[in-house]
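**Q** Just one file: run18.tsv, with TSV, C-alpha atoms and all ligand atoms.
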```tsv
chain	number	residue	atom	x	y	z
O	1	MET	CA	0.00	0.00	0.00
O	2	THR	CA	1.35	3.40	-0.95
O	3	ILE	CA	0.36	6.78	0.47
O	4	ARG	CA	0.78	9.37	-2.21
O	5	THR	CA	3.37	12.10	-1.81
O	6	LEU	CA	3.55	15.32	-3.82
O	7	GLU	CA	6.89	14.28	-5.31
O	8	GLY	CA	8.67	10.95	-5.46
O	9	ASP	CA	7.26	7.44	-5.34
O	10	GLY	CA	5.07	7.84	-2.29
O	11	LEU	CA	5.27	6.21	1.13
O	12	THR	CA	5.01	2.47	0.70
O	13	LEU	CA	3.66	0.56	3.71
O	14	ARG	CA	4.23	-3.18	4.10
O	15	ASN	CA	0.53	-3.59	4.95
O	16	ARG	CA	-2.55	-1.52	5.79
O	17	SER	CA	-2.35	-1.64	9.57
O	18	VAL	CA	-1.59	1.59	11.38
O	19	LEU	CA	-0.71	1.95	15.04
O	20	ALA	CA	-2.97	4.83	16.09
O	21	PRO	CA	-1.34	7.58	18.15
O	22	MET	CA	-1.67	6.96	21.87
O	23	CYS	CA	-0.48	9.19	24.69
O	24	THR	CA	1.21	6.73	26.95
O	25	TYR	CA	1.87	8.97	29.95
O	26	SER	CA	5.15	7.36	30.73
O	27	VAL	CA	6.67	8.84	33.85
O	28	THR	CA	9.98	8.63	32.03
O	29	ALA	CA	8.90	11.37	29.55
O	30	LYS	CA	10.77	14.30	31.13
O	31	ASP	CA	10.35	17.70	29.46
O	32	GLY	CA	8.79	16.05	26.42
O	33	VAL	CA	11.83	13.90	25.62
O	34	PRO	CA	11.07	10.33	24.54
O	35	SER	CA	12.87	7.75	26.65
O	36	ASP	CA	13.93	4.11	26.37
O	37	TRP	CA	10.38	3.27	27.33
O	38	HIS	CA	9.01	4.88	24.14
O	39	LEU	CA	11.62	3.10	22.05
O	40	VAL	CA	10.56	-0.24	23.50
O	41	HIS	CA	6.82	0.51	23.29
O	42	LEU	CA	6.86	1.67	19.67
O	43	GLY	CA	9.62	-0.72	18.66
O	44	ALA	CA	7.65	-3.71	19.94
O	45	ARG	CA	4.80	-2.78	17.62
O	46	ALA	CA	7.21	-2.52	14.68
O	47	ASN	CA	8.37	-6.03	15.54
O	48	GLY	CA	4.69	-6.91	15.72
O	49	GLY	CA	4.09	-6.09	12.08
O	50	PHE	CA	2.37	-2.71	11.90
O	51	GLY	CA	2.84	-0.99	8.55
O	52	LEU	CA	2.81	2.54	9.94
O	53	ILE	CA	3.51	3.45	13.55
O	54	ILE	CA	2.26	6.87	14.63
O	55	ALA	CA	3.89	8.22	17.78
O	56	GLU	CA	1.54	9.77	20.29
O	57	ALA	CA	0.16	13.33	20.33
O	58	THR	CA	3.38	15.30	20.59
O	59	GLY	CA	3.24	18.89	21.79
O	60	VAL	CA	4.53	21.54	19.41
O	61	SER	CA	5.39	23.70	22.44
O	62	PRO	CA	5.55	23.12	26.20
O	63	GLU	CA	2.10	24.66	26.74
O	64	ALA	CA	0.63	22.56	23.89
O	65	ARG	CA	0.90	19.35	25.92
O	66	ILE	CA	-2.09	17.73	27.53
O	67	SER	CA	0.01	16.83	30.55
O	68	ASP	CA	3.61	17.12	31.62
O	69	GLN	CA	4.10	13.45	30.76
O	70	ASP	CA	3.38	14.04	27.06
O	71	LEU	CA	6.09	14.04	24.44
O	72	GLY	CA	7.20	17.22	22.70
O	73	LEU	CA	9.10	18.30	19.64
O	74	TRP	CA	10.09	21.89	20.26
O	75	ASN	CA	13.81	21.38	20.81
O	76	ASP	CA	16.79	19.51	19.44
O	77	GLU	CA	17.15	17.19	22.42
O	78	GLN	CA	13.67	15.82	21.73
O	79	ARG	CA	14.45	15.58	17.99
O	80	ASP	CA	17.60	13.55	18.65
O	81	ALA	CA	15.80	11.20	21.03
O	82	PHE	CA	13.12	10.60	18.39
O	83	LYS	CA	15.82	9.83	15.83
O	84	ARG	CA	16.80	6.73	17.77
O	85	ILE	CA	13.18	5.57	17.59
O	86	THR	CA	12.68	6.22	13.86
O	87	ASN	CA	15.92	4.34	13.14
O	88	TYR	CA	14.63	1.35	15.05
O	89	LEU	CA	11.18	1.41	13.38
O	90	HIS	CA	12.79	1.60	9.96
O	91	SER	CA	15.19	-1.22	10.70
O	92	TYR	CA	12.21	-3.46	11.47
O	93	GLY	CA	10.28	-2.55	8.34
O	94	ALA	CA	7.73	-0.05	9.70
O	95	ALA	CA	7.15	3.47	8.46
O	96	ALA	CA	7.54	6.10	11.18
O	97	GLY	CA	4.85	8.70	11.79
O	98	ILE	CA	4.31	11.32	14.44
O	99	GLN	CA	1.17	13.13	15.50
O	100	LEU	CA	1.82	16.84	16.02
O	101	ALA	CA	-0.58	18.38	18.46
O	102	HIS	CA	-1.72	21.35	20.49
O	103	ALA	CA	-4.14	20.61	23.30
O	104	GLY	CA	-5.47	24.20	23.57
O	105	GLY	CA	-8.08	24.44	26.32
O	106	LYS	CA	-7.55	20.77	27.20
O	107	ALA	CA	-3.89	21.30	28.10
O	108	SER	CA	-2.37	21.38	31.58
O	109	THR	CA	-4.28	18.39	32.92
O	110	TYR	CA	-3.11	15.54	35.08
O	111	PRO	CA	-2.09	12.52	32.99
O	112	HIS	CA	-5.35	10.61	32.38
O	113	LEU	CA	-4.06	7.36	33.79
O	114	LEU	CA	-3.28	9.00	37.13
O	115	GLU	CA	-6.93	9.21	38.11
O	116	TYR	CA	-7.07	5.44	38.30
O	117	VAL	CA	-4.55	5.48	41.11
O	118	ASP	CA	-5.30	8.85	42.66
O	119	SER	CA	-8.85	10.10	42.17
O	120	ASP	CA	-7.96	13.59	43.48
O	121	ARG	CA	-5.53	14.14	40.66
O	122	LYS	CA	-7.75	14.56	37.63
O	123	GLY	CA	-8.72	17.53	35.50
O	124	SER	CA	-6.73	20.78	35.39
O	125	ILE	CA	-3.45	20.95	37.27
O	126	PRO	CA	-3.55	24.07	39.47
O	127	GLU	CA	-0.90	26.59	38.47
O	128	GLU	CA	0.68	26.39	41.94
O	129	GLN	CA	1.26	22.66	41.30
O	130	GLY	CA	3.02	23.21	37.99
O	131	GLY	CA	-0.01	23.75	35.75
O	132	TRP	CA	0.12	26.44	33.08
O	133	GLU	CA	-2.23	28.93	31.45
O	134	THR	CA	-4.24	27.34	28.67
O	135	VAL	CA	-5.46	29.04	25.51
O	136	GLY	CA	-8.30	28.38	23.10
O	137	PRO	CA	-10.52	30.08	20.55
O	138	SER	CA	-12.89	31.24	23.31
O	139	GLU	CA	-13.38	30.91	27.02
O	140	THR	CA	-15.43	27.82	27.82
O	141	ASP	CA	-16.35	25.48	30.65
O	142	ILE	CA	-17.55	22.72	28.32
O	143	HIS	CA	-14.60	20.49	29.17
O	144	ARG	CA	-15.08	20.96	32.90
O	145	LEU	CA	-11.51	22.20	33.08
O	146	ARG	CA	-10.07	25.60	33.94
O	147	SER	CA	-11.30	27.94	31.18
O	148	PRO	CA	-8.73	28.73	28.50
O	149	ARG	CA	-7.84	32.33	27.76
O	150	GLU	CA	-9.20	33.54	24.41
O	151	MET	CA	-6.31	33.60	21.96
O	152	THR	CA	-5.08	36.82	20.41
O	153	ALA	CA	-4.10	37.06	16.74
O	154	GLU	CA	-0.45	36.85	17.89
O	155	ASP	CA	-1.15	33.66	19.88
O	156	ILE	CA	-2.64	32.09	16.76
O	157	GLN	CA	0.37	33.02	14.62
O	158	LYS	CA	2.70	31.56	17.25
O	159	VAL	CA	0.83	28.23	17.18
O	160	ILE	CA	1.14	28.06	13.39
O	161	LYS	CA	4.87	28.74	13.67
O	162	ASP	CA	5.23	26.12	16.43
O	163	PHE	CA	3.67	23.52	14.12
O	164	THR	CA	6.10	24.40	11.33
O	165	ASP	CA	9.13	24.28	13.64
O	166	ALA	CA	8.03	20.89	14.94
O	167	ALA	CA	7.47	19.65	11.38
O	168	ARG	CA	11.00	20.67	10.43
O	169	ARG	CA	12.36	18.78	13.42
O	170	ALA	CA	10.18	15.77	12.58
O	171	ASP	CA	11.88	15.63	9.21
O	172	GLU	CA	15.32	15.90	10.81
O	173	ALA	CA	14.34	13.13	13.25
O	174	GLY	CA	13.71	10.80	10.32
O	175	PHE	CA	9.92	10.61	10.38
O	176	ASP	CA	8.24	9.57	7.11
O	177	PHE	CA	4.82	10.85	8.01
O	178	ILE	CA	3.18	13.63	10.01
O	179	GLN	CA	-0.38	13.43	11.21
O	180	ILE	CA	-1.75	16.82	12.26
O	181	HIS	CA	-4.04	16.38	15.26
O	182	ALA	CA	-7.29	18.15	14.42
O	183	ALA	CA	-9.50	15.83	16.47
O	184	HIS	CA	-10.67	14.95	19.98
O	185	GLY	CA	-11.50	18.43	21.21
O	186	TYR	CA	-7.93	19.73	21.11
O	187	LEU	CA	-6.95	23.14	19.78
O	188	ILE	CA	-7.62	22.79	16.04
O	189	HIS	CA	-10.89	20.96	16.69
O	190	GLN	CA	-11.80	23.66	19.24
O	191	PHE	CA	-11.57	26.16	16.40
O	192	LEU	CA	-13.59	23.93	14.04
O	193	SER	CA	-16.48	23.32	16.41
O	194	PRO	CA	-19.14	25.95	17.03
O	195	LEU	CA	-19.45	24.44	20.52
O	196	THR	CA	-16.09	25.88	21.52
O	197	ASN	CA	-15.47	28.60	18.94
O	198	LYS	CA	-17.55	31.67	19.75
O	199	ARG	CA	-15.21	34.17	18.12
O	200	GLU	CA	-16.51	37.08	16.10
O	201	ASP	CA	-13.31	37.81	14.19
O	202	GLU	CA	-11.94	36.07	11.07
O	203	TRP	CA	-11.16	32.94	13.14
O	204	GLY	CA	-14.75	32.20	14.19
O	205	GLY	CA	-18.37	32.16	13.02
O	206	SER	CA	-18.67	30.90	9.44
O	207	PHE	CA	-17.31	27.55	8.18
O	208	GLU	CA	-14.65	29.51	6.33
O	209	ASN	CA	-13.52	31.23	9.52
O	210	ARG	CA	-13.69	28.19	11.83
O	211	THR	CA	-11.60	26.13	9.41
O	212	ARG	CA	-9.01	28.88	8.94
O	213	LEU	CA	-6.62	27.63	11.63
O	214	ALA	CA	-6.70	24.03	10.36
O	215	LEU	CA	-5.98	25.24	6.83
O	216	GLU	CA	-3.26	27.68	7.89
O	217	VAL	CA	-1.52	24.95	9.90
O	218	VAL	CA	-1.72	22.49	7.00
O	219	LYS	CA	-0.43	25.11	4.56
O	220	ALA	CA	2.47	26.12	6.80
O	221	VAL	CA	3.47	22.54	7.63
O	222	ARG	CA	3.23	21.52	3.99
O	223	GLU	CA	5.68	24.30	3.10
O	224	VAL	CA	8.44	22.97	5.38
O	225	TRP	CA	7.65	19.23	5.23
O	226	PRO	CA	9.50	17.69	2.26
O	227	GLN	CA	7.37	17.17	-0.85
O	228	ASN	CA	8.46	13.54	-1.01
O	229	LYS	CA	6.99	12.88	2.44
O	230	ALA	CA	3.32	12.23	3.11
O	231	LEU	CA	1.21	14.56	5.22
O	232	GLY	CA	-1.90	13.37	7.03
O	233	ILE	CA	-4.53	14.77	9.35
O	234	ARG	CA	-6.84	13.31	11.97
O	235	PHE	CA	-10.35	14.72	12.24
O	236	SER	CA	-13.18	14.14	14.60
O	237	GLY	CA	-15.71	13.47	11.85
O	238	THR	CA	-18.54	14.71	14.04
O	239	ASP	CA	-19.23	16.06	17.53
O	240	TRP	CA	-22.35	13.84	17.58
O	241	VAL	CA	-24.47	16.89	18.55
O	242	GLU	CA	-26.67	18.89	16.26
O	243	GLU	CA	-25.16	22.30	17.00
O	244	GLY	CA	-21.63	20.90	16.75
O	245	TRP	CA	-19.14	20.05	14.00
O	246	THR	CA	-20.68	17.71	11.43
O	247	ILE	CA	-19.62	15.01	8.98
O	248	GLU	CA	-20.75	17.21	6.08
O	249	GLU	CA	-18.32	19.90	7.27
O	250	THR	CA	-15.60	17.27	7.71
O	251	ILE	CA	-16.04	16.13	4.11
O	252	GLN	CA	-15.90	19.70	2.86
O	253	LEU	CA	-12.75	20.39	4.89
O	254	SER	CA	-11.18	17.09	3.79
O	255	HIS	CA	-11.26	18.29	0.20
O	256	LEU	CA	-9.80	21.67	1.14
O	257	VAL	CA	-6.86	20.03	2.95
O	258	ALA	CA	-6.43	17.65	0.01
O	259	ASP	CA	-6.03	20.70	-2.23
O	260	LEU	CA	-3.21	21.82	0.08
O	261	GLY	CA	-1.33	18.53	-0.19
O	262	VAL	CA	-2.77	16.26	2.51
O	263	THR	CA	-2.92	12.68	1.23
O	264	ALA	CA	-4.03	10.75	4.32
O	265	ILE	CA	-7.07	11.34	6.53
O	266	ASP	CA	-7.94	9.45	9.69
O	267	LEU	CA	-11.53	9.59	10.92
O	268	SER	CA	-12.17	9.59	14.62
O	269	SER	CA	-14.97	11.47	16.37
O	270	ALA	CA	-15.99	13.60	19.35
O	271	GLY	CA	-13.84	15.11	22.09
O	272	ILE	CA	-15.67	18.37	22.72
O	273	GLY	CA	-17.38	18.13	26.09
O	274	GLN	CA	-19.44	15.08	26.97
O	275	TYR	CA	-19.60	12.07	24.60
O	276	PHE	CA	-23.04	11.64	22.95
O	277	GLY	CA	-22.13	9.19	20.18
O	278	PRO	CA	-22.71	5.48	19.74
O	279	MET	CA	-20.36	2.92	21.29
O	280	GLY	CA	-19.64	-0.62	20.18
O	281	PRO	CA	-17.61	-2.51	17.58
O	282	GLY	CA	-16.80	-0.23	14.63
O	283	TYR	CA	-18.95	2.55	16.16
O	284	GLN	CA	-17.50	5.35	14.02
O	285	THR	CA	-16.16	3.59	10.92
O	286	GLN	CA	-19.03	4.94	8.84
O	287	LEU	CA	-17.33	8.36	9.09
O	288	ALA	CA	-14.28	7.02	7.26
O	289	ALA	CA	-16.57	5.33	4.75
O	290	GLN	CA	-18.34	8.61	4.01
O	291	VAL	CA	-15.10	10.53	3.56
O	292	LYS	CA	-13.65	7.75	1.42
O	293	LYS	CA	-16.73	7.74	-0.81
O	294	SER	CA	-16.39	11.48	-1.34
O	295	PHE	CA	-12.89	10.88	-2.76
O	296	GLU	CA	-14.03	8.19	-5.19
O	297	GLY	CA	-11.61	8.01	-8.10
O	298	GLN	CA	-9.10	10.23	-6.30
O	299	ASP	CA	-5.98	9.25	-4.46
O	300	MET	CA	-6.54	9.61	-0.70
O	301	PHE	CA	-5.49	7.19	2.06
O	302	VAL	CA	-8.48	7.11	4.38
O	303	THR	CA	-8.20	5.22	7.65
O	304	ALA	CA	-10.93	4.03	9.98
O	305	VAL	CA	-10.47	3.75	13.73
O	306	GLY	CA	-12.48	2.90	16.80
O	307	PHE	CA	-13.19	-0.41	18.48
O	308	ILE	CA	-11.70	-2.41	15.62
O	309	THR	CA	-10.30	-5.42	17.37
O	310	THR	CA	-10.39	-8.46	15.10
O	311	ALA	CA	-8.64	-9.27	11.86
O	312	GLU	CA	-11.96	-10.13	10.21
O	313	GLN	CA	-13.51	-6.81	11.22
O	314	ALA	CA	-10.53	-4.94	9.77
O	315	GLU	CA	-10.53	-7.00	6.58
O	316	THR	CA	-14.26	-6.41	6.05
O	317	LEU	CA	-13.73	-2.64	6.15
O	318	LEU	CA	-10.99	-2.92	3.54
O	319	MET	CA	-12.79	-5.43	1.31
O	320	THR	CA	-15.99	-3.38	1.26
O	321	ASP	CA	-14.09	-0.25	0.34
O	322	GLN	CA	-14.95	1.60	3.53
O	323	ALA	CA	-11.30	2.39	4.27
O	324	ASP	CA	-7.82	2.11	2.80
O	325	GLY	CA	-6.13	1.44	6.11
O	326	ILE	CA	-7.07	0.45	9.64
O	327	SER	CA	-5.87	2.31	12.73
O	328	ILE	CA	-5.62	0.19	15.84
O	329	ALA	CA	-5.17	1.63	19.33
O	330	ARG	CA	-6.31	-0.35	22.39
O	331	ALA	CA	-6.12	-3.75	20.72
O	332	ALA	CA	-2.45	-3.00	20.07
O	333	LEU	CA	-1.90	-2.20	23.72
O	334	ASN	CA	-3.21	-5.66	24.53
O	335	ASP	CA	-1.26	-7.29	21.74
O	336	PRO	CA	1.83	-5.61	20.27
O	337	HIS	CA	1.75	-8.31	17.58
O	338	TRP	CA	-1.78	-7.49	16.53
O	339	ALA	CA	-0.80	-6.91	12.90
O	340	ALA	CA	1.29	-10.04	12.45
O	341	ASN	CA	-1.38	-12.09	14.22
O	342	ALA	CA	-4.07	-10.62	11.96
O	343	ALA	CA	-2.07	-11.74	8.94
O	344	LYS	CA	-1.86	-15.24	10.39
O	345	THR	CA	-5.60	-15.29	11.13
O	346	LEU	CA	-6.41	-14.24	7.59
O	347	GLY	CA	-3.98	-16.76	6.15
O	348	VAL	CA	-1.95	-14.20	4.27
O	349	THR	CA	1.79	-14.39	4.16
O	350	ALA	CA	3.03	-11.48	6.17
O	351	LYS	CA	6.18	-9.91	4.84
O	352	GLU	CA	8.44	-11.19	7.55
O	353	ASP	CA	11.52	-9.39	8.60
O	354	PRO	CA	14.02	-12.14	9.37
O	355	ARG	CA	15.23	-10.11	12.36
O	356	ALA	CA	11.79	-10.31	13.98
O	357	ALA	CA	10.91	-13.77	12.71
O	358	GLN	CA	10.98	-15.25	16.19
O	359	TYR	CA	7.73	-13.35	16.82
O	360	TRP	CA	6.11	-13.79	13.45
O	361	ARG	CA	6.27	-17.53	12.96
O	362	GLY	CA	3.00	-19.32	13.64
O	363	SER	CA	4.71	-22.14	15.45
O	364	TRP	CA	8.16	-23.50	16.04
O	401	LIG	C1	-4.18	5.22	26.06
O	401	LIG	C2	-4.74	5.98	24.89
O	401	LIG	C3	-4.11	7.15	24.47
O	401	LIG	C4	-4.58	7.85	23.35
O	401	LIG	N1	-3.89	8.95	22.90
O	401	LIG	C5	-4.23	9.51	21.73
O	401	LIG	C6	-3.41	10.47	21.11
O	401	LIG	O1	-2.31	10.78	21.58
O	401	LIG	N2	-3.84	11.04	19.97
O	401	LIG	C7	-5.03	10.69	19.38
O	401	LIG	O2	-5.39	11.24	18.35
O	401	LIG	N3	-5.81	9.73	19.92
O	401	LIG	C8	-5.42	9.11	21.05
O	401	LIG	N4	-6.16	8.07	21.54
O	401	LIG	C9	-7.29	7.59	20.77
O	401	LIG	C10	-6.87	6.43	19.88
O	401	LIG	O3	-5.91	6.81	18.92
O	401	LIG	C11	-8.09	5.83	19.14
O	401	LIG	O4	-8.63	6.77	18.28
O	401	LIG	C12	-9.18	5.35	20.10
O	401	LIG	O5	-8.62	4.67	21.21
O	401	LIG	C13	-10.15	4.42	19.40
O	401	LIG	O6	-9.47	3.32	18.83
O	401	LIG	P1	-9.42	1.86	19.54
O	401	LIG	O7	-10.84	1.45	19.74
O	401	LIG	O8	-8.67	1.01	18.56
O	401	LIG	O9	-8.72	2.01	20.86
O	401	LIG	C14	-5.72	7.39	22.66
O	401	LIG	C15	-6.35	6.22	23.11
O	401	LIG	C16	-5.87	5.51	24.19
O	401	LIG	C17	-6.54	4.23	24.59
```
Step by step, read the file and then write its structure as structure tokens.

**A**
Amino acid sequence: MTIRTLEGDGLTLRNRSVLAPMCTYSVTAKDGVPSDWHLVHLGARANGGFGLIIAEATGVSPEARISDQDLGLWNDEQRDAFKRITNYLHSYGAAAGIQLAHAGGKASTYPHLLEYVDSDRKGSIPEEQGGWETVGPSETDIHRLRSPREMTAEDIQKVIKDFTDAARRADEAGFDFIQIHAAHGYLIHQFLSPLTNKREDEWGGSFENRTRLALEVVKAVREVWPQNKALGIRFSGTDWVEEGWTIEETIQLSHLVADLGVTAIDLSSAGIGQYFGPMGPGYQTQLAAQVKKSFEGQDMFVTAVGFITTAEQAETLLMTDQADGISIARAALNDPHWAANAAKTLGVTAKEDPRAAQYWRGSW
């Protein structure tokens, strides 16, 4: 499978399985620098057969992180630590992707996993405990967090520049693929959704204004990201509420980002406020199917995600033309070898890397 690039032969994946980005909240992530833990975590899934591994939501600036245990890519130390990881992923046959992110009004929170061990430590980190001021399109309490400060025009320009600086470092770190995080109620999605964007200037109100930040970020990243490397984006296809962001708007925006050089779109959903959507196997894959259909006859790598756990479920989505690739998150936490095992289940010959063959063989 090849993801188209603007120049060159495209990004060829050994199969259609994608490790979805997952914040792992490793206590070893100090100041956004990936550690041995991240190398082992991502490397294990390269050994396990994934075609494309996307590193977790990585802050484009310190204040862009969801928590202080997130990764970042705003300095050279982080870039160099990522290089070790991309080298490993490449040496085991996987393409290396990174999700570049700004959490906006959902930044400065305790790492999600902490609340399972300490129920007092959830939500916004108070500033006196190391939390920081958050920013967003508008003030809001929809996330039941400390309200973000409404961004000025200068704040917005800084975010766009932070994305481009991070993209440049992602290239230097050896990544093949960037996924811009425009989903899950984080900054870019906060601008897209009328639920969180109440602005009355050129960054809010109409579809054209609400999508301006997403388009400016894509344009700016595309300028610095090499033309022979693929650029992707993750959308929340819908907020699942009538007054919110809709799948029709997502489709419209998908074509605008395609015009700017995006060749891969991943379709998740929700993230603004409370969840109102369906839940169950494949609960949101129809969003990918709708976007894919809108690109009929055109070259776009559309991936589905969400409660896809079995090889047969993934294969059905591909065979029925609902998606070009399958993003797997939680099932890959349970089984780092999800992709190689899926190949075995489906009876296809996985392209084994002899160096990881001890994992891939069905039996000894
Ligand atoms: C531990 C964990 C961390 C996650 N972190 C991210 C993230 O960094 N960026 C993102 O876009 N989605 C993130 N997600 C969402 C997943 O990428 C995925 O969309 C979601 O879990 C649904 O897929 P699944 O049913 O295969 O788990 C995370 C999910 C989990 C379980």

**Q** Quick one: residues within 6 Å of ligand LIG 401 (chain O), with only C-alpha atoms and all ligand atoms, as number ranges by chain?

**A** O: 20-24, 56-57, 268, 305-308, 328-331

**Q** For Glu208 (chain O), which residue out of O:Ser91, O:Asn228, O:Gln252, O:Thr263 is the nearest one, using only C-alpha atoms?

**A**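 Once distances to Glu208 (chain O) are computed over only C-alpha atoms, the minimum belongs to O:Gln252.
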
**Q** Show me, as number ranges by chain, the residues that have an atom within 9 Å of Ala214 (chain O) when counting all atoms listed in the file, minus same-chain residues fewer than 2 positions from it.

**A** O: 180, 182, 188-189, 191-192, 210-212, 216-219, 253, 257

**Q** Create the file for the chosen residues now, containing C-alpha atoms and written as a PDB file, in the frame of the given file.

**A**
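Final output, saved to result.pdb:
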```
ATOM      1  CA  ILE O 180      -1.750  16.820  12.260  1.00  0.00           C
ATOM      2  CA  ALA O 182      -7.290  18.150  14.420  1.00  0.00           C
ATOM      3  CA  ILE O 188      -7.620  22.790  16.040  1.00  0.00           C
ATOM      4  CA  HIS O 189     -10.890  20.960  16.690  1.00  0.00           C
ATOM      5  CA  PHE O 191     -11.570  26.160  16.400  1.00  0.00           C
ATOM      6  CA  LEU O 192     -13.590  23.930  14.040  1.00  0.00           C
ATOM      7  CA  ARG O 210     -13.690  28.190  11.830  1.00  0.00           C
ATOM      8  CA  THR O 211     -11.600  26.130   9.410  1.00  0.00           C
ATOM      9  CA  ARG O 212      -9.010  28.880   8.940  1.00  0.00           C
ATOM     10  CA  GLU O 216      -3.260  27.680   7.890  1.00  0.00           C
ATOM     11  CA  VAL O 217      -1.520  24.950   9.900  1.00  0.00           C
ATOM     12  CA  VAL O 218      -1.720  22.490   7.000  1.00  0.00           C
ATOM     13  CA  LYS O 219      -0.430  25.110   4.560  1.00  0.00           C
ATOM     14  CA  LEU O 253     -12.750  20.390   4.890  1.00  0.00           C
ATOM     15  CA  VAL O 257      -6.860  20.030   2.950  1.00  0.00           C
TER      16      VAL O 257
END
```

**Q** Hey, which bits of region 74-187 of chain O sit within 10 Å of region 197-202 of chain O, and for each residue what's the closest pair of atoms and how far apart in Å (one decimal), counting all atoms listed in the file, rows by chain and increasing number, as CSV?

**A**
```
residue,atom,partner,partner_atom,distance
O:Gly136,CA,O:Asn197,CA,8.3
O:Pro137,CA,O:Asn197,CA,5.4
O:Ser138,CA,O:Asn197,CA,5.7
O:Glu139,CA,O:Lys198,CA,8.4
O:Thr140,CA,O:Asn197,CA,8.9
O:Glu150,CA,O:Arg199,CA,8.7
O:Met151,CA,O:Arg199,CA,9.7
O:Ala153,CA,O:Asp201,CA,9.6
```

**Q** Taking (1.2, -3.4, 13.8) in the file's coordinates, which residues come within 10 Å, counting only C-alpha atoms, written as an NGL selection string?

**A** :O and (15-20 or 42 or 44-53 or 94 or 327-329 or 332 or 335-342)

**Q** Measuring between all atoms listed in the file, which one of O:Val60, O:Glu223, O:Leu73, O:Leu113 shows the shortest distance to Val27 (chain O)?

**A** O:Leu113

**Q** Go ahead and find all residues with at least one atom no further than 10 Å from (9.1, 21.8, 8.4) in the file's coordinates, using all atoms listed in the file; report them as a PyMOL selection string.

**A** chain O and resi 161-172+220-226

**Q** Quick one: pull the distance between CA of His255 (chain O) and CA of Ile66 (chain O), Å, one decimal.

**A**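 For CA of His255 (chain O) relative to CA of Ile66 (chain O), the distance reads 28.8 Å.
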